[in-house]
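Peer 1: Got a file for you: run-v1.csv, CSV, C-alpha atoms.
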chain,number,residue,atom,x,y,z
G,1,MET,CA,47.8,43.8,-43.7
G,2,ARG,CA,47.5,45.7,-40.5
G,3,VAL,CA,43.7,45.8,-40.9
G,4,LEU,CA,43.6,42.0,-41.4
G,5,THR,CA,45.8,41.4,-38.4
G,6,ALA,CA,43.6,43.7,-36.2
G,7,GLY,CA,40.5,41.8,-37.5
G,8,VAL,CA,42.0,38.5,-36.5
G,9,PHE,CA,42.9,39.7,-33.0
G,10,ALA,CA,39.4,41.2,-32.6
G,11,LEU,CA,37.8,37.9,-33.6
G,12,ALA,CA,40.0,36.0,-31.3
G,13,GLY,CA,39.1,38.3,-28.5
G,14,LEU,CA,35.4,37.9,-29.3
G,15,ILE,CA,35.8,34.1,-29.2
G,16,PHE,CA,37.7,34.2,-25.9
G,17,PHE,CA,35.0,36.5,-24.3
G,18,THR,CA,32.2,34.2,-25.6
G,19,SER,CA,33.9,31.1,-24.2
G,20,PHE,CA,34.5,32.8,-20.8
G,21,ASN,CA,30.9,34.0,-20.6
G,22,THR,CA,29.6,30.6,-21.5
G,23,ALA,CA,31.8,28.7,-19.1
G,24,LYS,CA,31.4,31.1,-16.2
G,25,GLY,CA,34.8,30.0,-15.0
G,26,THR,CA,34.1,26.2,-15.5
G,27,ASN,CA,35.7,23.7,-17.8
G,28,ILE,CA,33.6,23.8,-21.0
G,29,ARG,CA,35.3,20.5,-22.1
G,30,THR,CA,33.5,18.7,-19.3
G,31,ASP,CA,29.8,18.8,-18.7
G,32,ASP,CA,29.6,19.2,-14.9
G,33,SER,CA,25.9,18.6,-14.9
G,34,LEU,CA,26.5,15.1,-16.4
G,35,LEU,CA,29.1,14.3,-13.7
G,36,LYS,CA,26.7,15.5,-11.0
G,37,LEU,CA,23.9,13.4,-12.4
G,38,SER,CA,26.1,10.4,-12.5
G,39,ASP,CA,27.1,11.0,-8.8
G,40,LEU,CA,23.5,11.4,-7.9
G,41,ILE,CA,22.4,8.2,-9.6
G,42,GLN,CA,25.2,6.3,-7.7
G,43,GLU,CA,24.2,7.9,-4.4
G,44,ARG,CA,20.6,7.0,-4.9
G,45,SER,CA,21.5,3.5,-5.9
G,46,HIS,CA,23.6,3.0,-2.7
G,47,ASN,CA,20.8,4.6,-0.6
G,48,ASN,CA,18.2,2.2,-2.1
G,49,GLY,CA,20.5,-0.7,-1.3
G,50,ARG,CA,20.7,0.4,2.3
G,51,LEU,CA,17.0,0.8,2.5
G,52,ASP,CA,16.5,-2.7,1.0
G,53,GLU,CA,18.8,-4.2,3.7
G,54,SER,CA,16.9,-2.3,6.4
G,55,ASN,CA,13.6,-3.5,5.0
G,56,ALA,CA,14.9,-7.1,4.9
G,57,GLY,CA,15.8,-6.8,8.6
G,58,LEU,CA,12.3,-5.6,9.5
G,59,ARG,CA,10.7,-8.4,7.4
G,60,ASP,CA,12.8,-10.9,9.4
G,61,ASP,CA,11.5,-9.4,12.6
G,62,ILE,CA,8.0,-9.7,11.4
G,63,ASP,CA,8.5,-13.3,10.3
G,64,ALA,CA,9.9,-14.1,13.8
G,65,LEU,CA,6.9,-12.6,15.4
G,66,ALA,CA,4.6,-14.5,13.0
G,67,GLU,CA,6.2,-17.8,14.0
G,68,ARG,CA,4.7,-17.4,17.5
G,69,ASP,CA,1.5,-19.3,18.2
G,70,ASP,CA,-1.2,-17.1,16.7
G,71,GLY,CA,-4.0,-19.7,16.7
G,72,SER,CA,-3.7,-20.5,13.0
G,73,SER,CA,-4.1,-24.1,11.9
G,74,LYS,CA,-1.4,-26.2,10.3
G,75,ALA,CA,-3.2,-25.9,6.9
G,76,GLU,CA,-3.3,-22.2,7.2
G,77,ASP,CA,0.4,-22.0,8.0
G,78,GLU,CA,1.3,-24.2,5.1
G,79,LYS,CA,-0.8,-22.1,2.8
G,80,LEU,CA,0.9,-18.9,4.0
G,81,ALA,CA,4.3,-20.5,3.5
G,82,GLY,CA,3.4,-21.4,-0.1
G,83,LEU,CA,2.2,-17.9,-0.8
G,84,GLU,CA,5.5,-16.4,0.6
G,85,LYS,CA,7.5,-18.9,-1.5
G,86,GLY,CA,5.6,-17.9,-4.6
G,87,ALA,CA,6.0,-14.2,-3.9
G,88,GLY,CA,9.7,-14.6,-3.6
G,89,THR,CA,10.0,-12.9,-0.2
G,90,GLN,CA,11.6,-16.0,1.4
G,91,LYS,CA,15.0,-17.5,0.9
G,92,LEU,CA,15.2,-20.3,-1.6
G,93,LYS,CA,17.7,-23.2,-1.5
G,94,GLY,CA,18.4,-25.6,-4.3
G,95,GLU,CA,20.5,-26.6,-7.2
G,96,ALA,CA,21.3,-23.6,-9.4
G,97,ILE,CA,23.1,-22.4,-12.5
G,98,THR,CA,24.5,-18.9,-13.2
G,99,VAL,CA,24.6,-17.2,-16.5
G,100,THR,CA,27.2,-14.4,-17.0
G,101,LEU,CA,26.8,-11.8,-19.7
G,102,ASN,CA,29.5,-9.3,-20.5
G,103,ASP,CA,30.4,-6.6,-23.1
G,104,ALA,CA,32.8,-7.5,-25.9
G,105,PRO,CA,36.3,-5.9,-25.9
G,106,PRO,CA,36.2,-2.3,-27.3
G,107,ASP,CA,38.7,-3.3,-30.1
G,108,ALA,CA,36.7,-6.3,-31.2
G,109,THR,CA,36.5,-7.2,-34.9
G,110,ALA,CA,34.4,-9.7,-36.8
G,111,LYS,CA,35.9,-13.1,-36.2
G,112,LEU,CA,34.0,-14.9,-39.0
G,113,PRO,CA,33.9,-14.1,-42.7
G,114,GLY,CA,30.8,-12.6,-44.2
G,115,TYR,CA,30.0,-10.4,-41.2
G,116,PRO,CA,30.4,-6.6,-41.1
G,117,GLU,CA,32.8,-4.9,-38.7
G,118,PRO,CA,31.0,-4.1,-35.5
G,119,GLN,CA,29.1,-1.0,-34.6
G,120,PRO,CA,29.3,0.2,-31.0
G,121,ASP,CA,25.8,-1.3,-30.3
G,122,TYR,CA,27.1,-4.7,-31.3
G,123,LEU,CA,29.6,-4.8,-28.5
G,124,VAL,CA,27.5,-4.1,-25.4
G,125,ILE,CA,24.8,-6.0,-23.4
G,126,HIS,CA,21.3,-4.7,-24.0
G,127,GLN,CA,18.1,-5.0,-22.1
G,128,GLN,CA,16.7,-7.6,-24.5
G,129,ASP,CA,19.7,-9.8,-23.8
G,130,LEU,CA,19.1,-9.9,-20.1
G,131,GLN,CA,15.4,-10.3,-20.6
G,132,ALA,CA,16.0,-13.3,-23.0
G,133,VAL,CA,18.0,-15.1,-20.3
G,134,VAL,CA,15.5,-14.4,-17.6
G,135,ASN,CA,12.6,-15.5,-19.8
G,136,ALA,CA,14.4,-18.7,-20.8
G,137,LEU,CA,15.1,-19.6,-17.2
G,138,TRP,CA,11.5,-19.1,-16.2
G,139,GLN,CA,10.5,-21.2,-19.2
G,140,GLY,CA,12.9,-23.9,-18.1
G,141,GLY,CA,11.1,-24.2,-14.7
G,142,ALA,CA,13.2,-22.0,-12.5
G,143,GLU,CA,11.8,-21.8,-9.0
G,144,GLY,CA,13.5,-18.5,-8.3
G,145,ILE,CA,15.9,-16.1,-10.1
G,146,LYS,CA,18.5,-13.6,-8.8
G,147,VAL,CA,19.9,-10.9,-11.0
G,148,MET,CA,23.2,-9.6,-9.6
G,149,ASP,CA,22.4,-9.5,-5.8
G,150,GLN,CA,18.6,-9.0,-6.1
G,151,ARG,CA,15.8,-11.6,-6.2
G,152,LEU,CA,13.2,-11.2,-8.9
G,153,ILE,CA,9.5,-11.2,-8.2
G,154,SER,CA,6.4,-11.0,-10.4
G,155,THR,CA,6.6,-7.2,-10.6
G,156,SER,CA,10.4,-6.9,-11.2
G,157,ALA,CA,11.4,-5.2,-14.4
G,158,VAL,CA,14.8,-5.6,-16.0
G,159,ARG,CA,15.7,-2.3,-17.7
G,160,CYS,CA,18.8,-0.9,-19.3
G,161,VAL,CA,19.9,2.6,-20.1
G,162,GLY,CA,22.8,2.1,-22.6
G,163,ASN,CA,24.7,-0.8,-21.1
G,164,THR,CA,23.8,0.1,-17.5
G,165,LEU,CA,21.2,-2.1,-15.7
G,166,ILE,CA,18.6,-0.4,-13.5
G,167,LEU,CA,16.9,-3.0,-11.3
G,168,GLN,CA,14.5,-2.2,-8.6
G,169,GLY,CA,16.0,1.3,-7.9
G,170,ARG,CA,19.6,0.2,-8.1
G,171,VAL,CA,22.2,0.6,-10.8
G,172,TYR,CA,24.7,-2.1,-12.1
G,173,SER,CA,27.4,-2.3,-14.7
G,174,PRO,CA,28.5,-5.4,-16.6
G,175,PRO,CA,29.4,-8.2,-16.2
G,176,TYR,CA,25.8,-9.3,-15.3
G,177,LYS,CA,25.2,-12.5,-13.4
G,178,ILE,CA,21.8,-14.2,-13.4
G,179,THR,CA,21.4,-17.1,-11.0
G,180,ALA,CA,18.4,-19.5,-11.2
G,181,VAL,CA,17.4,-22.3,-8.8
G,182,GLY,CA,15.9,-25.3,-10.5
G,183,ASP,CA,16.8,-28.5,-12.5
G,184,PRO,CA,20.2,-27.5,-14.0
G,185,GLU,CA,19.6,-29.8,-17.0
G,186,LYS,CA,16.2,-28.3,-17.8
G,187,LEU,CA,17.4,-24.8,-17.3
G,188,GLN,CA,20.4,-25.2,-19.7
G,189,LYS,CA,18.1,-26.9,-22.2
G,190,ALA,CA,15.8,-23.9,-22.1
G,191,LEU,CA,18.7,-21.5,-22.7
G,192,VAL,CA,19.9,-23.5,-25.7
G,193,GLU,CA,16.4,-23.7,-27.3
G,194,SER,CA,15.6,-19.9,-26.8
G,195,PRO,CA,15.5,-18.2,-30.3
G,196,ALA,CA,16.5,-14.9,-28.6
G,197,ILE,CA,19.6,-16.5,-27.0
G,198,GLN,CA,20.4,-18.2,-30.3
G,199,ASN,CA,20.6,-14.8,-31.9
G,200,TYR,CA,22.7,-13.5,-29.0
G,201,MET,CA,25.1,-16.4,-29.5
G,202,VAL,CA,25.8,-15.1,-33.1
G,203,TYR,CA,27.3,-12.0,-31.5
G,204,VAL,CA,29.2,-14.1,-29.0
G,205,ASN,CA,30.8,-16.1,-31.8
G,206,VAL,CA,31.4,-13.2,-34.2
G,207,TYR,CA,32.2,-10.2,-32.0
G,208,GLY,CA,33.2,-11.7,-28.7
G,209,LEU,CA,30.3,-10.8,-26.4
G,210,GLY,CA,30.7,-12.5,-23.0
G,211,TRP,CA,28.7,-15.7,-22.3
G,212,LYS,CA,29.3,-18.2,-19.5
G,213,VAL,CA,27.0,-20.8,-18.0
G,214,GLU,CA,28.1,-22.5,-14.8
G,215,GLU,CA,26.5,-25.1,-12.5
G,216,ASP,CA,26.7,-23.8,-8.9
G,217,GLY,CA,25.7,-26.9,-7.0
G,218,THR,CA,23.4,-26.0,-4.1
G,219,VAL,CA,22.9,-22.3,-3.4
G,220,THR,CA,20.5,-20.1,-1.4
G,221,LEU,CA,18.9,-17.2,-3.1
G,222,PRO,CA,18.0,-14.3,-0.9
G,223,GLY,CA,14.4,-13.3,-0.4
G,224,TYR,CA,13.2,-10.2,-2.1
G,225,SER,CA,13.8,-7.3,0.3
G,226,GLY,CA,12.2,-4.3,-1.5
G,227,THR,CA,8.8,-2.8,-1.3
G,228,VAL,CA,5.8,-4.9,-2.5
G,229,ASP,CA,3.6,-1.8,-2.9
G,230,LEU,CA,2.6,-1.2,-6.5
G,231,GLN,CA,3.8,2.1,-7.9
G,232,TYR,CA,1.7,3.6,-10.6
G,233,ALA,CA,0.9,7.0,-12.2
G,234,GLN,CA,-2.1,9.0,-11.2
G,235,PRO,CA,-3.8,11.8,-13.1
G,236,VAL,CA,-3.2,15.3,-11.8
G,237,GLU,CA,-6.4,16.7,-10.2
Please, can you express the file's structure as structure tokens?
Peer 2:
Amino acid sequence: MRVLTAGVFALAGLIFFTSFNTAKGTNIRTDDSLLKLSDLIQERSHNNGRLDESNAGLRDDIDALAERDDGSSKAEDEKLAGLEKGAGTQKLKGEAITVTLNDAPPDATAKLPGYPEPQPDYLVIHQQDLQAVVNALWQGGAEGIKVMDQRLISTSAVRCVGNTLILQGRVYSPPYKITAVGDPEKLQKALVESPAIQNYMVYVNVYGLGWKVEEDGTVTLPGYSGTVDLQYAQPVE
């Protein structure tokens, strides 16, 4: 019995020593590297937001200088204005609708018979859900779209990691708001007719994913304030 007791204490001591050596004085129940990474992501997101605001201010200064008489013709000025509008770098005013997507309650259950109890993936907004709304709004004739507080342009990519949205260097959490300027009736019709959104609505009705469409009246979308330089990979020489 004494031998067994001694063996138990020896094993406990070995486990304690191993845990101490692994933790090096830190809490092994919490991965500090994950916390630091999360903090770093938030810091970079805020920093990118500040840079976007600074870039927008500089762009306004450039626009003000460009409005001075530079010898260009009226036709050339109109062509430039059309290009800027198409590029999404200028503010856009008009009638708009806003679509809001949100995660389902964590304790959600199937509301309709014949459906399985939800898996965790069923209860969160995914990248394809956001893309479905954006694509439907473009299909419905949207003149411009804003996701959260950022204007989309031709090179914008809506990406999600888990249920966290990463858009143009900034990070967002649900609920997600997508605002589109255009004919409200046509925009809503495009949402209703989208097969991808019809599939999403099944999860809305069964598991309680968030879905709201509102007419906003006349709004002004901000101009895109980020960089317009294309970023691409290059082979290592």
Peer 1: Please provide the set of residues having any atom within 9 Å of G:Gly141, restricted to only C-alpha atoms, with same-chain residues fewer than 3 positions apart removed, written as a list in words.
Peer 2: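 Everything that qualifies: Ala136, Leu137, Trp138, Gly144, Val181, Gly182, Asp183, Lys186, Leu187 and Ala190 of chain G.
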Peer 1: Do you know which residues are at most 6 Å from stretch 177-180 of chain G counting only C-alpha atoms, after dropping those on the same chain fewer than 4 positions away, and could you put them as a PDB file with C-alpha atoms, in the coordinates of the input?
Peer 2:
ATOM      1  CA  ALA G  96      21.300 -23.600  -9.400  1.00  0.00           C
ATOM      2  CA  ILE G  97      23.100 -22.400 -12.500  1.00  0.00           C
ATOM      3  CA  THR G  98      24.500 -18.900 -13.200  1.00  0.00           C
ATOM      4  CA  VAL G  99      24.600 -17.200 -16.500  1.00  0.00           C
ATOM      5  CA  THR G 100      27.200 -14.400 -17.000  1.00  0.00           C
ATOM      6  CA  ALA G 142      13.200 -22.000 -12.500  1.00  0.00           C
ATOM      7  CA  GLY G 144      13.500 -18.500  -8.300  1.00  0.00           C
ATOM      8  CA  ILE G 145      15.900 -16.100 -10.100  1.00  0.00           C
ATOM      9  CA  LYS G 146      18.500 -13.600  -8.800  1.00  0.00           C
ATOM     10  CA  VAL G 147      19.900 -10.900 -11.000  1.00  0.00           C
ATOM     11  CA  MET G 148      23.200  -9.600  -9.600  1.00  0.00           C
TER      12      MET G 148
END
Peer 1: Which distance in Å separates atom CA of G:Gly210 and atom CA of G:Val161, to one decimal?
Peer 2: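 Between atom CA of G:Gly210 and atom CA of G:Val161 the gap is 18.8 Å.
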Peer 1: How many Å separate atom CA of G:Lys212 from atom CA of G:Gly162?
Peer 2: 21.5 Å
Peer 1: Using Å and a single decimal, report how far atom CA of G:Thr218 sits from atom CA of G:Gly94.
Peer 2: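 Computed distance, atom CA of G:Gly94 to atom CA of G:Thr218, equals 5.0 Å.
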Peer 1: Could you check which of G:Val213, G:Val192, G:Leu101, G:Val171 is closest to G:Asp149, using all atoms listed in the file?
Peer 2: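 Of G:Val213, G:Val192, G:Leu101, G:Val171, the one nearest G:Asp149 is G:Val171, counting all atoms listed in the file.
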Peer 1: Go through G:Gln231, G:Ser225, G:Gln128, G:Asn205 and flag the residue nearest G:Pro113, using only C-alpha atoms for the distances.
Peer 2: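 Distance minimum relative to G:Pro113 lands on G:Asn205.
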Peer 1: Using all atoms listed in the file, which protein or nucleic acid residues come within 12 Å of G:Ile153? Drop anything in the same chain fewer than 4 positions from it, and give the result as number ranges by chain.
Peer 2: G: 84-90, 134, 138, 143-147, 157-158, 167-168, 222-228
Peer 1: Would you list the contacts of G:Asp103 as a list in words, taking every protein, DNA or RNA residue within 12 Å and counting all atoms listed in the file, but skipping same-chain residues closer than 5 positions in sequence?
Peer 2: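 These residues fall inside the cut-off: Ala108, Pro120, Asp121, Tyr122, Leu123, Val124, Ile125, His126, Asp129, Gly162, Asn163, Thr164, Ser173, Pro174, Pro175, Tyr176, Tyr200, Tyr203, Val204, Tyr207, Gly208, Leu209, Gly210 and Trp211 of chain G.
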Peer 1: Could stretch 145-156 of chain G be completed with all heavy atoms and written as a PDB file, keeping the file's coordinate frame, please?
Peer 2:
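New file out-v6.pdb:
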ATOM      1  N   ILE G 145      14.815 -16.711  -9.290  1.00  0.00           N
ATOM      2  CA  ILE G 145      15.900 -16.100 -10.100  1.00  0.00           C
ATOM      3  C   ILE G 145      16.470 -14.917  -9.312  1.00  0.00           C
ATOM      4  O   ILE G 145      15.711 -14.098  -8.768  1.00  0.00           O
ATOM      5  CB  ILE G 145      15.472 -15.706 -11.471  1.00  0.00           C
ATOM      6  CG1 ILE G 145      15.034 -16.922 -12.279  1.00  0.00           C
ATOM      7  CG2 ILE G 145      16.578 -14.959 -12.209  1.00  0.00           C
ATOM      8  CD1 ILE G 145      14.495 -16.593 -13.660  1.00  0.00           C
ATOM      9  N   LYS G 146      17.780 -14.800  -9.331  1.00  0.00           N
ATOM     10  CA  LYS G 146      18.500 -13.600  -8.800  1.00  0.00           C
ATOM     11  C   LYS G 146      19.268 -12.982  -9.904  1.00  0.00           C
ATOM     12  O   LYS G 146      20.030 -13.661 -10.596  1.00  0.00           O
ATOM     13  CB  LYS G 146      19.406 -14.058  -7.638  1.00  0.00           C
ATOM     14  CG  LYS G 146      20.231 -12.926  -7.051  1.00  0.00           C
ATOM     15  CD  LYS G 146      21.184 -13.420  -5.969  1.00  0.00           C
ATOM     16  CE  LYS G 146      22.356 -14.176  -6.554  1.00  0.00           C
ATOM     17  NZ  LYS G 146      23.413 -14.447  -5.531  1.00  0.00           N
ATOM     18  N   VAL G 147      19.104 -11.672 -10.083  1.00  0.00           N
ATOM     19  CA  VAL G 147      19.900 -10.900 -11.000  1.00  0.00           C
ATOM     20  C   VAL G 147      20.871 -10.040 -10.187  1.00  0.00           C
ATOM     21  O   VAL G 147      20.418  -9.241  -9.366  1.00  0.00           O
ATOM     22  CB  VAL G 147      19.069 -10.036 -11.953  1.00  0.00           C
ATOM     23  CG1 VAL G 147      19.956  -9.172 -12.833  1.00  0.00           C
ATOM     24  CG2 VAL G 147      18.162 -10.903 -12.810  1.00  0.00           C
ATOM     25  N   MET G 148      22.165 -10.218 -10.400  1.00  0.00           N
ATOM     26  CA  MET G 148      23.200  -9.600  -9.600  1.00  0.00           C
ATOM     27  C   MET G 148      22.937 -10.034  -8.109  1.00  0.00           C
ATOM     28  O   MET G 148      22.978 -11.215  -7.832  1.00  0.00           O
ATOM     29  CB  MET G 148      23.210  -8.091  -9.741  1.00  0.00           C
ATOM     30  CG  MET G 148      23.442  -7.654 -11.193  1.00  0.00           C
ATOM     31  SD  MET G 148      24.987  -8.285 -11.930  1.00  0.00           S
ATOM     32  CE  MET G 148      26.192  -7.139 -11.265  1.00  0.00           C
ATOM     33  N   ASP G 149      22.601  -9.126  -7.207  1.00  0.00           N
ATOM     34  CA  ASP G 149      22.400  -9.500  -5.800  1.00  0.00           C
ATOM     35  C   ASP G 149      20.895  -9.373  -5.417  1.00  0.00           C
ATOM     36  O   ASP G 149      20.584  -9.372  -4.229  1.00  0.00           O
ATOM     37  CB  ASP G 149      23.248  -8.697  -4.886  1.00  0.00           C
ATOM     38  CG  ASP G 149      23.024  -7.190  -5.030  1.00  0.00           C
ATOM     39  OD1 ASP G 149      22.325  -6.782  -5.989  1.00  0.00           O
ATOM     40  OD2 ASP G 149      23.539  -6.422  -4.208  1.00  0.00           O
ATOM     41  N   GLN G 150      20.000  -9.259  -6.396  1.00  0.00           N
ATOM     42  CA  GLN G 150      18.600  -9.000  -6.100  1.00  0.00           C
ATOM     43  C   GLN G 150      17.699 -10.147  -6.614  1.00  0.00           C
ATOM     44  O   GLN G 150      17.832 -10.571  -7.765  1.00  0.00           O
ATOM     45  CB  GLN G 150      18.126  -7.699  -6.675  1.00  0.00           C
ATOM     46  CG  GLN G 150      18.748  -6.479  -6.030  1.00  0.00           C
ATOM     47  CD  GLN G 150      17.960  -5.236  -6.361  1.00  0.00           C
ATOM     48  OE1 GLN G 150      16.847  -5.026  -5.873  1.00  0.00           O
ATOM     49  NE2 GLN G 150      18.505  -4.398  -7.208  1.00  0.00           N
ATOM     50  N   ARG G 151      16.778 -10.567  -5.788  1.00  0.00           N
ATOM     51  CA  ARG G 151      15.800 -11.600  -6.200  1.00  0.00           C
ATOM     52  C   ARG G 151      14.709 -10.955  -7.022  1.00  0.00           C
ATOM     53  O   ARG G 151      14.235  -9.841  -6.759  1.00  0.00           O
ATOM     54  CB  ARG G 151      15.175 -12.175  -4.889  1.00  0.00           C
ATOM     55  CG  ARG G 151      14.124 -13.241  -5.109  1.00  0.00           C
ATOM     56  CD  ARG G 151      14.729 -14.594  -5.426  1.00  0.00           C
ATOM     57  NE  ARG G 151      13.682 -15.610  -5.438  1.00  0.00           N
ATOM     58  CZ  ARG G 151      13.283 -16.279  -4.359  1.00  0.00           C
ATOM     59  NH1 ARG G 151      13.864 -16.040  -3.175  1.00  0.00           N
ATOM     60  NH2 ARG G 151      12.329 -17.184  -4.440  1.00  0.00           N
ATOM     61  N   LEU G 152      14.316 -11.639  -8.084  1.00  0.00           N
ATOM     62  CA  LEU G 152      13.200 -11.200  -8.900  1.00  0.00           C
ATOM     63  C   LEU G 152      11.892 -11.650  -8.379  1.00  0.00           C
ATOM     64  O   LEU G 152      11.781 -12.770  -7.856  1.00  0.00           O
ATOM     65  CB  LEU G 152      13.383 -11.671 -10.359  1.00  0.00           C
ATOM     66  CG  LEU G 152      14.621 -11.242 -11.135  1.00  0.00           C
ATOM     67  CD1 LEU G 152      14.505 -11.700 -12.583  1.00  0.00           C
ATOM     68  CD2 LEU G 152      14.839  -9.739 -11.069  1.00  0.00           C
ATOM     69  N   ILE G 153      10.873 -10.798  -8.498  1.00  0.00           N
ATOM     70  CA  ILE G 153       9.500 -11.200  -8.200  1.00  0.00           C
ATOM     71  C   ILE G 153       8.617 -10.872  -9.374  1.00  0.00           C
ATOM     72  O   ILE G 153       9.107 -10.424 -10.415  1.00  0.00           O
ATOM     73  CB  ILE G 153       8.986 -10.486  -6.897  1.00  0.00           C
ATOM     74  CG1 ILE G 153       8.981  -8.957  -7.081  1.00  0.00           C
ATOM     75  CG2 ILE G 153       9.825 -10.879  -5.688  1.00  0.00           C
ATOM     76  CD1 ILE G 153       8.334  -8.215  -5.921  1.00  0.00           C
ATOM     77  N   SER G 154       7.321 -11.087  -9.220  1.00  0.00           N
ATOM     78  CA  SER G 154       6.400 -11.000 -10.400  1.00  0.00           C
ATOM     79  C   SER G 154       6.372  -9.546 -10.941  1.00  0.00           C
ATOM     80  O   SER G 154       6.051  -9.348 -12.114  1.00  0.00           O
ATOM     81  CB  SER G 154       5.005 -11.406  -9.988  1.00  0.00           C
ATOM     82  OG  SER G 154       4.506 -10.619  -8.923  1.00  0.00           O
ATOM     83  N   THR G 155       6.677  -8.539 -10.125  1.00  0.00           N
ATOM     84  CA  THR G 155       6.600  -7.200 -10.600  1.00  0.00           C
ATOM     85  C   THR G 155       7.991  -6.596 -10.969  1.00  0.00           C
ATOM     86  O   THR G 155       8.102  -5.423 -11.299  1.00  0.00           O
ATOM     87  CB  THR G 155       5.973  -6.240  -9.529  1.00  0.00           C
ATOM     88  OG1 THR G 155       6.726  -6.349  -8.307  1.00  0.00           O
ATOM     89  CG2 THR G 155       4.528  -6.633  -9.270  1.00  0.00           C
ATOM     90  N   SER G 156       9.029  -7.418 -10.915  1.00  0.00           N
ATOM     91  CA  SER G 156      10.400  -6.900 -11.200  1.00  0.00           C
ATOM     92  C   SER G 156      10.494  -6.641 -12.734  1.00  0.00           C
ATOM     93  O   SER G 156       9.969  -7.382 -13.561  1.00  0.00           O
ATOM     94  CB  SER G 156      11.428  -7.988 -10.860  1.00  0.00           C
ATOM     95  OG  SER G 156      11.403  -8.258  -9.472  1.00  0.00           O
TER      96      SER G 156
END
